[in-house]
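A.B. asks: If it helps, the file is called upload-v9.pdb and holds PDB, C-alpha atoms:
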```
ATOM      1  CA  MET A 183     -15.304 -40.101  46.203  1.00  0.00           C
ATOM      2  CA  LYS A 184     -17.522 -38.215  43.788  1.00  0.00           C
ATOM      3  CA  ASN A 185     -16.170 -39.146  40.415  1.00  0.00           C
ATOM      4  CA  LEU A 186     -13.012 -41.014  39.575  1.00  0.00           C
ATOM      5  CA  LEU A 187     -12.689 -39.416  36.159  1.00  0.00           C
ATOM      6  CA  LEU A 188     -12.734 -35.950  37.695  1.00  0.00           C
ATOM      7  CA  LYS A 189     -10.240 -37.036  40.314  1.00  0.00           C
ATOM      8  CA  ILE A 190      -7.876 -38.541  37.778  1.00  0.00           C
ATOM      9  CA  THR A 191      -8.192 -35.550  35.471  1.00  0.00           C
ATOM     10  CA  ALA A 192      -7.226 -33.258  38.335  1.00  0.00           C
ATOM     11  CA  ALA A 193      -4.183 -35.419  38.970  1.00  0.00           C
ATOM     12  CA  GLY A 194      -3.290 -35.379  35.294  1.00  0.00           C
ATOM     13  CA  LEU A 195      -3.690 -39.094  34.676  1.00  0.00           C
ATOM     14  CA  ILE A 196      -6.003 -38.682  31.712  1.00  0.00           C
ATOM     15  CA  ILE A 197      -3.620 -37.457  29.056  1.00  0.00           C
ATOM     16  CA  ILE A 198      -4.752 -35.107  26.313  1.00  0.00           C
ATOM     17  CA  ASN A 199      -2.896 -35.407  23.038  1.00  0.00           C
ATOM     18  CA  ALA A 200      -0.579 -32.493  22.254  1.00  0.00           C
ATOM     19  CA  GLY A 201      -2.232 -31.987  18.876  1.00  0.00           C
ATOM     20  CA  LEU A 202       0.497 -29.928  17.225  1.00  0.00           C
ATOM     21  CA  ALA A 203       3.567 -31.683  15.871  1.00  0.00           C
ATOM     22  CA  GLN A 204       6.766 -30.473  17.545  1.00  0.00           C
ATOM     23  CA  ALA A 205      10.363 -31.593  17.705  1.00  0.00           C
ATOM     24  CA  GLN A 206      10.625 -34.681  19.867  1.00  0.00           C
ATOM     25  CA  LYS A 207      13.639 -36.491  21.256  1.00  0.00           C
ATOM     26  CA  ILE A 208      13.493 -40.124  22.346  1.00  0.00           C
ATOM     27  CA  ASP A 209      16.740 -41.919  23.080  1.00  0.00           C
ATOM     28  CA  ALA A 210      17.100 -45.401  21.637  1.00  0.00           C
ATOM     29  CA  LYS A 211      17.702 -47.174  24.968  1.00  0.00           C
ATOM     30  CA  SER A 212      14.533 -45.798  26.538  1.00  0.00           C
ATOM     31  CA  LYS A 213      12.480 -46.546  23.441  1.00  0.00           C
ATOM     32  CA  LYS A 214      13.566 -50.177  23.388  1.00  0.00           C
ATOM     33  CA  ILE A 215      12.802 -50.639  27.083  1.00  0.00           C
ATOM     34  CA  LEU A 216       9.332 -49.070  26.848  1.00  0.00           C
ATOM     35  CA  ASP A 217       8.476 -50.865  23.604  1.00  0.00           C
ATOM     36  CA  ASP A 218       9.584 -54.212  25.068  1.00  0.00           C
ATOM     37  CA  VAL A 219       7.268 -53.700  28.048  1.00  0.00           C
ATOM     38  CA  THR A 220       4.381 -52.691  25.780  1.00  0.00           C
ATOM     39  CA  ALA A 221       4.904 -55.719  23.541  1.00  0.00           C
ATOM     40  CA  ASN A 222       5.015 -57.985  26.591  1.00  0.00           C
ATOM     41  CA  TYR A 223       1.672 -56.733  27.930  1.00  0.00           C
ATOM     42  CA  ASN A 224       0.082 -56.766  24.459  1.00  0.00           C
ATOM     43  CA  SER A 225       1.090 -60.390  23.954  1.00  0.00           C
ATOM     44  CA  LYS A 226      -1.035 -61.533  26.881  1.00  0.00           C
ATOM     45  CA  LYS A 227      -4.641 -62.664  26.643  1.00  0.00           C
ATOM     46  CA  ASN A 228      -5.352 -60.488  29.659  1.00  0.00           C
ATOM     47  CA  SER A 229      -3.507 -58.724  32.467  1.00  0.00           C
ATOM     48  CA  TYR A 230      -4.316 -57.890  36.079  1.00  0.00           C
ATOM     49  CA  PHE A 231      -2.703 -55.102  38.094  1.00  0.00           C
ATOM     50  CA  LYS A 232      -3.135 -54.359  41.768  1.00  0.00           C
ATOM     51  CA  PHE A 233      -1.729 -50.898  42.397  1.00  0.00           C
ATOM     52  CA  SER A 234      -1.519 -48.059  44.863  1.00  0.00           C
ATOM     53  CA  PHE A 235      -2.469 -44.576  43.710  1.00  0.00           C
ATOM     54  CA  GLY A 236      -0.892 -41.814  45.767  1.00  0.00           C
ATOM     55  CA  SER A 237      -1.462 -38.085  45.457  1.00  0.00           C
ATOM     56  CA  GLY A 238      -0.174 -34.991  47.199  1.00  0.00           C
ATOM     57  CA  MET A 239       1.595 -31.665  46.865  1.00  0.00           C
ATOM     58  CA  ASN A 240       5.171 -30.373  46.907  1.00  0.00           C
ATOM     59  CA  GLY A 241       6.588 -33.766  45.983  1.00  0.00           C
ATOM     60  CA  LYS A 242       5.056 -35.534  48.981  1.00  0.00           C
ATOM     61  CA  VAL A 243       2.268 -38.108  48.809  1.00  0.00           C
ATOM     62  CA  SER A 244      -0.374 -37.391  51.440  1.00  0.00           C
ATOM     63  CA  LYS A 245      -3.124 -39.807  50.418  1.00  0.00           C
ATOM     64  CA  THR A 246      -2.899 -43.337  49.054  1.00  0.00           C
ATOM     65  CA  GLU A 247      -5.650 -45.573  47.696  1.00  0.00           C
ATOM     66  CA  THR A 248      -5.531 -49.153  46.422  1.00  0.00           C
ATOM     67  CA  GLY A 249      -6.972 -50.085  43.068  1.00  0.00           C
ATOM     68  CA  ILE A 250      -7.235 -53.058  40.731  1.00  0.00           C
ATOM     69  CA  TYR A 251      -7.192 -52.985  36.956  1.00  0.00           C
ATOM     70  CA  TYR A 252      -8.065 -55.706  34.437  1.00  0.00           C
ATOM     71  CA  LEU A 253      -7.058 -55.372  30.791  1.00  0.00           C
ATOM     72  CA  ALA A 254      -7.962 -57.574  27.805  1.00  0.00           C
ATOM     73  CA  GLY A 255      -7.330 -56.135  24.360  1.00  0.00           C
ATOM     74  CA  ASP A 256      -9.007 -52.723  24.241  1.00  0.00           C
ATOM     75  CA  LYS A 257     -11.367 -53.512  27.125  1.00  0.00           C
ATOM     76  CA  TYR A 258     -10.709 -52.827  30.781  1.00  0.00           C
ATOM     77  CA  LYS A 259     -12.189 -52.682  34.262  1.00  0.00           C
ATOM     78  CA  LEU A 260     -10.910 -50.418  37.022  1.00  0.00           C
ATOM     79  CA  LYS A 261     -11.914 -50.452  40.683  1.00  0.00           C
ATOM     80  CA  ILE A 262     -10.695 -47.925  43.231  1.00  0.00           C
ATOM     81  CA  MET A 263     -12.436 -46.939  46.466  1.00  0.00           C
ATOM     82  CA  GLU A 264     -16.173 -46.496  45.804  1.00  0.00           C
ATOM     83  CA  THR A 265     -15.836 -46.223  42.047  1.00  0.00           C
ATOM     84  CA  GLU A 266     -15.798 -48.832  39.307  1.00  0.00           C
ATOM     85  CA  GLN A 267     -15.050 -47.982  35.688  1.00  0.00           C
ATOM     86  CA  ILE A 268     -15.736 -50.344  32.789  1.00  0.00           C
ATOM     87  CA  PHE A 269     -14.825 -49.886  29.144  1.00  0.00           C
ATOM     88  CA  ASP A 270     -16.509 -52.487  26.962  1.00  0.00           C
ATOM     89  CA  GLY A 271     -14.736 -51.423  23.780  1.00  0.00           C
ATOM     90  CA  ASN A 272     -17.436 -48.897  22.940  1.00  0.00           C
ATOM     91  CA  LYS A 273     -18.588 -46.995  26.007  1.00  0.00           C
ATOM     92  CA  ILE A 274     -17.205 -46.069  29.417  1.00  0.00           C
ATOM     93  CA  TYR A 275     -19.383 -46.841  32.443  1.00  0.00           C
ATOM     94  CA  ASN A 276     -18.535 -44.994  35.665  1.00  0.00           C
ATOM     95  CA  ILE A 277     -20.276 -46.604  38.627  1.00  0.00           C
ATOM     96  CA  ASN A 278     -20.232 -44.720  41.926  1.00  0.00           C
ATOM     97  CA  THR A 279     -21.620 -46.865  44.741  1.00  0.00           C
ATOM     98  CA  GLU A 280     -21.348 -44.060  47.300  1.00  0.00           C
ATOM     99  CA  ASP A 281     -23.642 -41.741  45.349  1.00  0.00           C
ATOM    100  CA  MET A 282     -25.551 -44.541  43.604  1.00  0.00           C
ATOM    101  CA  GLU A 283     -24.893 -43.016  40.211  1.00  0.00           C
ATOM    102  CA  VAL A 284     -23.817 -44.363  36.834  1.00  0.00           C
ATOM    103  CA  THR A 285     -22.571 -42.193  33.995  1.00  0.00           C
ATOM    104  CA  VAL A 286     -22.218 -43.595  30.500  1.00  0.00           C
ATOM    105  CA  ALA A 287     -20.165 -41.969  27.751  1.00  0.00           C
ATOM    106  CA  LYS A 288     -18.145 -42.672  24.648  1.00  0.00           C
ATOM    107  CA  PRO A 289     -14.436 -41.874  24.969  1.00  0.00           C
ATOM    108  CA  ASN A 290     -13.284 -38.549  23.557  1.00  0.00           C
ATOM    109  CA  ALA A 291     -11.290 -38.826  20.347  1.00  0.00           C
ATOM    110  CA  GLY A 292      -8.420 -36.756  21.752  1.00  0.00           C
ATOM    111  CA  SER A 293      -7.962 -38.436  25.107  1.00  0.00           C
ATOM    112  CA  GLN A 294      -6.613 -41.631  26.567  1.00  0.00           C
ATOM    113  CA  MET A 295      -8.636 -43.512  29.116  1.00  0.00           C
ATOM    114  CA  PHE A 296      -7.189 -44.242  32.523  1.00  0.00           C
ATOM    115  CA  SER A 297      -4.681 -47.029  32.881  1.00  0.00           C
ATOM    116  CA  PRO A 298      -1.800 -47.642  35.278  1.00  0.00           C
ATOM    117  CA  ILE A 299       0.324 -48.139  32.143  1.00  0.00           C
ATOM    118  CA  ASN A 300      -1.023 -45.407  29.823  1.00  0.00           C
ATOM    119  CA  TYR A 301       2.339 -43.696  29.380  1.00  0.00           C
ATOM    120  CA  LEU A 302       3.622 -46.755  27.539  1.00  0.00           C
ATOM    121  CA  SER A 303       1.662 -45.543  24.520  1.00  0.00           C
ATOM    122  CA  SER A 304       1.374 -41.769  25.045  1.00  0.00           C
ATOM    123  CA  TYR A 305       5.144 -41.235  25.214  1.00  0.00           C
ATOM    124  CA  ARG A 306       5.439 -41.888  21.478  1.00  0.00           C
ATOM    125  CA  ASN A 307       3.834 -38.576  20.524  1.00  0.00           C
ATOM    126  CA  ASP A 308       3.794 -36.273  23.506  1.00  0.00           C
ATOM    127  CA  TYR A 309       7.106 -36.548  25.383  1.00  0.00           C
ATOM    128  CA  ASN A 310      10.846 -36.195  25.132  1.00  0.00           C
ATOM    129  CA  VAL A 311      12.294 -39.351  26.662  1.00  0.00           C
ATOM    130  CA  THR A 312      15.692 -39.847  28.323  1.00  0.00           C
ATOM    131  CA  TYR A 313      17.327 -42.774  30.083  1.00  0.00           C
ATOM    132  CA  ASN A 314      18.533 -41.808  33.567  1.00  0.00           C
ATOM    133  CA  GLY A 315      20.263 -44.985  34.741  1.00  0.00           C
ATOM    134  CA  LYS A 316      19.273 -47.451  37.452  1.00  0.00           C
ATOM    135  CA  LYS A 317      17.353 -47.046  40.703  1.00  0.00           C
ATOM    136  CA  THR A 318      16.158 -49.576  43.251  1.00  0.00           C
ATOM    137  CA  VAL A 319      12.395 -49.978  43.657  1.00  0.00           C
ATOM    138  CA  ASN A 320      11.298 -52.350  46.434  1.00  0.00           C
ATOM    139  CA  GLY A 321      14.557 -54.260  46.165  1.00  0.00           C
ATOM    140  CA  VAL A 322      14.425 -54.511  42.366  1.00  0.00           C
ATOM    141  CA  SER A 323      17.030 -52.844  40.149  1.00  0.00           C
ATOM    142  CA  ALA A 324      14.914 -50.735  37.810  1.00  0.00           C
ATOM    143  CA  ASP A 325      15.636 -48.756  34.671  1.00  0.00           C
ATOM    144  CA  PHE A 326      14.785 -45.115  35.378  1.00  0.00           C
ATOM    145  CA  ILE A 327      13.261 -43.198  32.451  1.00  0.00           C
ATOM    146  CA  LYS A 328      12.275 -39.531  32.393  1.00  0.00           C
ATOM    147  CA  LEU A 329       9.460 -38.124  30.237  1.00  0.00           C
ATOM    148  CA  THR A 330       9.256 -34.372  29.623  1.00  0.00           C
ATOM    149  CA  PRO A 331       6.280 -32.911  27.715  1.00  0.00           C
ATOM    150  CA  VAL A 332       7.003 -31.707  24.191  1.00  0.00           C
ATOM    151  CA  LYS A 333       4.226 -29.179  24.604  1.00  0.00           C
ATOM    152  CA  SER A 334       2.869 -27.627  27.789  1.00  0.00           C
ATOM    153  CA  ASN A 335       0.215 -29.942  29.261  1.00  0.00           C
ATOM    154  CA  GLY A 336       0.320 -29.082  32.951  1.00  0.00           C
ATOM    155  CA  LEU A 337       3.083 -31.567  33.730  1.00  0.00           C
ATOM    156  CA  LYS A 338       6.683 -30.836  34.640  1.00  0.00           C
ATOM    157  CA  HIS A 339       7.931 -34.378  34.113  1.00  0.00           C
ATOM    158  CA  VAL A 340       7.085 -38.053  34.582  1.00  0.00           C
ATOM    159  CA  TYR A 341       9.397 -40.759  35.902  1.00  0.00           C
ATOM    160  CA  ILE A 342       8.864 -44.401  34.920  1.00  0.00           C
ATOM    161  CA  TYR A 343      10.594 -47.325  36.625  1.00  0.00           C
ATOM    162  CA  ILE A 344      10.898 -50.553  34.626  1.00  0.00           C
ATOM    163  CA  ASP A 345      11.930 -54.078  35.554  1.00  0.00           C
ATOM    164  CA  SER A 346      13.625 -54.831  32.227  1.00  0.00           C
ATOM    165  CA  ALA A 347      14.335 -58.454  33.122  1.00  0.00           C
ATOM    166  CA  LYS A 348      10.590 -59.161  33.396  1.00  0.00           C
ATOM    167  CA  LYS A 349       9.584 -56.431  30.925  1.00  0.00           C
ATOM    168  CA  GLN A 350       7.141 -54.966  33.434  1.00  0.00           C
ATOM    169  CA  MET A 351       6.470 -51.516  34.831  1.00  0.00           C
ATOM    170  CA  LEU A 352       7.071 -51.118  38.564  1.00  0.00           C
ATOM    171  CA  LYS A 353       6.131 -47.514  39.268  1.00  0.00           C
ATOM    172  CA  LEU A 354       5.503 -44.098  37.779  1.00  0.00           C
ATOM    173  CA  GLU A 355       5.773 -40.686  39.395  1.00  0.00           C
ATOM    174  CA  GLN A 356       4.053 -37.704  37.828  1.00  0.00           C
ATOM    175  CA  TYR A 357       4.951 -34.133  38.799  1.00  0.00           C
ATOM    176  CA  GLY A 358       2.721 -31.211  37.847  1.00  0.00           C
ATOM    177  CA  ASN A 359       3.686 -27.609  37.206  1.00  0.00           C
ATOM    178  CA  ASN A 360       1.481 -26.660  40.165  1.00  0.00           C
ATOM    179  CA  LYS A 361       3.668 -28.831  42.447  1.00  0.00           C
ATOM    180  CA  ASP A 362       1.165 -31.676  42.717  1.00  0.00           C
ATOM    181  CA  ILE A 363       2.349 -35.273  42.570  1.00  0.00           C
ATOM    182  CA  ALA A 364       0.674 -38.515  41.559  1.00  0.00           C
ATOM    183  CA  VAL A 365       2.295 -41.922  42.036  1.00  0.00           C
ATOM    184  CA  ILE A 366       1.174 -45.313  40.785  1.00  0.00           C
ATOM    185  CA  ALA A 367       3.045 -48.324  42.169  1.00  0.00           C
ATOM    186  CA  ILE A 368       2.282 -51.819  40.876  1.00  0.00           C
ATOM    187  CA  GLN A 369       1.868 -54.131  43.865  1.00  0.00           C
ATOM    188  CA  GLU A 370       0.824 -57.311  42.075  1.00  0.00           C
ATOM    189  CA  TYR A 371       0.669 -58.456  38.464  1.00  0.00           C
ATOM    190  CA  LYS A 372      -0.987 -61.531  36.920  1.00  0.00           C
ATOM    191  CA  GLU A 373      -1.550 -62.551  33.331  1.00  0.00           C
ATOM    192  CA  ASN A 374      -3.598 -64.935  31.179  1.00  0.00           C
ATOM    193  CA  GLN A 375      -6.180 -65.681  33.869  1.00  0.00           C
ATOM    194  CA  GLN A 376      -9.552 -67.332  33.346  1.00  0.00           C
ATOM    195  CA  LEU A 377     -11.839 -64.308  33.566  1.00  0.00           C
ATOM    196  CA  ASP A 378     -15.607 -64.195  33.801  1.00  0.00           C
ATOM    197  CA  SER A 379     -17.096 -63.803  30.321  1.00  0.00           C
ATOM    198  CA  GLN A 380     -19.042 -60.767  31.619  1.00  0.00           C
ATOM    199  CA  MET A 381     -15.992 -59.103  33.173  1.00  0.00           C
ATOM    200  CA  PHE A 382     -16.132 -56.134  30.792  1.00  0.00           C
ATOM    201  CA  SER A 383     -19.903 -55.882  30.400  1.00  0.00           C
ATOM    202  CA  PHE A 384     -22.248 -53.500  32.181  1.00  0.00           C
ATOM    203  CA  ASP A 385     -25.322 -55.247  33.597  1.00  0.00           C
ATOM    204  CA  LYS A 386     -27.969 -52.550  34.024  1.00  0.00           C
ATOM    205  CA  ASN A 387     -30.174 -54.941  36.022  1.00  0.00           C
ATOM    206  CA  LYS A 388     -27.721 -54.678  38.902  1.00  0.00           C
ATOM    207  CA  TYR A 389     -28.225 -50.920  39.115  1.00  0.00           C
ATOM    208  CA  LYS A 390     -31.994 -50.458  38.952  1.00  0.00           C
ATOM    209  CA  THR A 391     -31.916 -48.176  41.995  1.00  0.00           C
ATOM    210  CA  TYR A 392     -29.069 -46.019  40.614  1.00  0.00           C
ATOM    211  CA  LEU A 393     -29.372 -42.750  38.748  1.00  0.00           C
ATOM    212  CA  VAL A 394     -28.078 -43.531  35.244  1.00  0.00           C
ATOM    213  CA  THR A 395     -26.973 -40.618  33.042  1.00  0.00           C
ATOM    214  CA  GLU A 396     -25.848 -41.069  29.445  1.00  0.00           C
ATOM    215  CA  LEU A 397     -23.620 -38.227  28.265  1.00  0.00           C
TER
END
```
What would you get if you wrote out this structure as structure tokens?
C.D. replies:
Amino acid sequence: MKNLLLKITAAGLIIINAGLAQAQKIDAKSKKILDDVTANYNSKKNSYFKFSFGSGMNGKVSKTETGIYYLAGDKYKLKIMETEQIFDGNKIYNINTEDMEVTVAKPNAGSQMFSPINYLSSYRNDYNVTYNGKKTVNGVSADFIKLTPVKSNGLKHVYIYIDSAKKQMLKLEQYGNNKDIAVIAIQEYKENQQLDSQMFSFDKNKYKTYLVTEL
């Protein structure tokens, strides 16, 4: 895998802010559910997600990869296939073990960094939100919420499935205007773990043989 950021951008999972203010509709039930989940995650010292990331076309997932994601405040670490991504609160480090490359960059002001739960914040500005009832996800009765872009951003709609009893996200499905699909399903969740103090730090001494590029 060449570059996770490029891959995720192609799948639409880095979300660019709409920029222009437009009429937005968010129903109260959906807002409460999403805000409760956000508050639950934000109340934790740290969170761990093991997830599957599926992608495909015409509504069918043809490739699935497993990833893990650690979150603590505004810092995170993501690992998926041959790529590791670290955000230390200041810079993003993309480490590709296959190509032995590291790219370092500051996040763009108008973009959100990758997260299995990024829609929990981006919905507030960029999407119309409607509650669509209940659906079963892996045996769990989930609240089914639909997000539709306020402004054209390449997406047709996004579905989010929430376990309201635990105030946790179970799955999201993202459908593009070009008929592509991206699915993130949370397989395991842990919170308030004892993490290594260097979890969100980049140790350049470990990558002396890598090509390091600072953007």
A.B. asks: For a quick check of understanding, using only C-alpha atoms, which of A:Thr246, A:Thr395, A:Asn307, A:Asn290 has the smallest distance to Ala364 (chain A)?
C.D. replies: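 Among the listed residues, the smallest separation from Ala364 (chain A) belongs to A:Thr246.
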A.B. asks: For Tyr341 (chain A), please output as an MDAnalysis selection string all residues within 6 Å (counting only C-alpha atoms; exclusion window: fewer than 2 positions along the same chain).
C.D. replies: chainID A and resid 327:328 354:355
A.B. asks: Tell me, as a ChimeraX atom specification, which residues lie within 8 Å of Tyr392 (chain A), counting all atoms listed in the file; anything in the same chain fewer than 4 positions away does not count.
C.D. replies: /A:282-284
A.B. asks: Using all atoms listed in the file, which residue out of A:Ser346, A:Thr312, A:Ser323, A:Thr318 lies closest to Lys207 (chain A)?
C.D. replies: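 That would be A:Thr312, the residue with the smallest distance to Lys207 (chain A).
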A.B. asks: One number please: CA of Gly241 (chain A) to CA of Ala367 (chain A), in Å, one decimal.
C.D. replies: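 Distance between the two atoms: 15.5 Å.
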A.B. asks: Within 10 Å of region 247-259 of chain A, counting only C-alpha atoms, which residues qualify if same-chain residues fewer than 3 places away don't, as a count of residues only?
C.D. replies: 45
A.B. asks: Rank nothing, just name the residue among A:Met239, A:Ala347, A:Gln206, A:Thr285 nearest to Lys386 (chain A), using all atoms listed in the file.
C.D. replies: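 Smallest distance to Lys386 (chain A) is found for A:Thr285.
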A.B. asks: Using all atoms listed in the file, list the residues that have an atom at most 12 Å from (15.7, -44.1, 22.5), coordinates as in the file, as a PyMOL selection string.
C.D. replies: chain A and resi 206-217+305-306+309-314+327-329
A.B. asks: When you count all atoms listed in the file, which of these residues is closest to Met351 (chain A): A:Lys333, A:Phe326, A:Tyr301, A:Val219?
C.D. replies: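 With all atoms listed in the file as the atom set, the closest residue is A:Val219.
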A.B. asks: Can you report as JSON the centre and edge lengths in Å, to one decimal, of an axis-aligned box around the listed atoms of region 351-366 of chain A padded with 4 Å on each side?
C.D. replies:
```
{"center_x": 3.9, "center_y": -39.1, "center_z": 38.8, "size_x": 14.4, "size_y": 32.9, "size_z": 15.9}
```
A.B. asks: Which residues, written as a ChimeraX atom specification, have at least one atom at most 6 Å from Asp362 (chain A), with all atoms listed in the file counted and residues fewer than 3 positions away on the same chain left out?
C.D. replies: /A:238-240,357-358
A.B. asks: To one decimal place in Å, what is the distance between CA of Ile344 (chain A) and CA of Ser303 (chain A)?
C.D. replies: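 Taking CA of Ile344 (chain A) as the start and CA of Ser303 (chain A) as the end point, the length is 14.6 Å.
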A.B. asks: One number please: CA of Asp325 (chain A) to CA of Asp345 (chain A), in Å, one decimal.
C.D. replies: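 Going from CA of Asp325 (chain A) over to CA of Asp345 (chain A) covers 6.5 Å.
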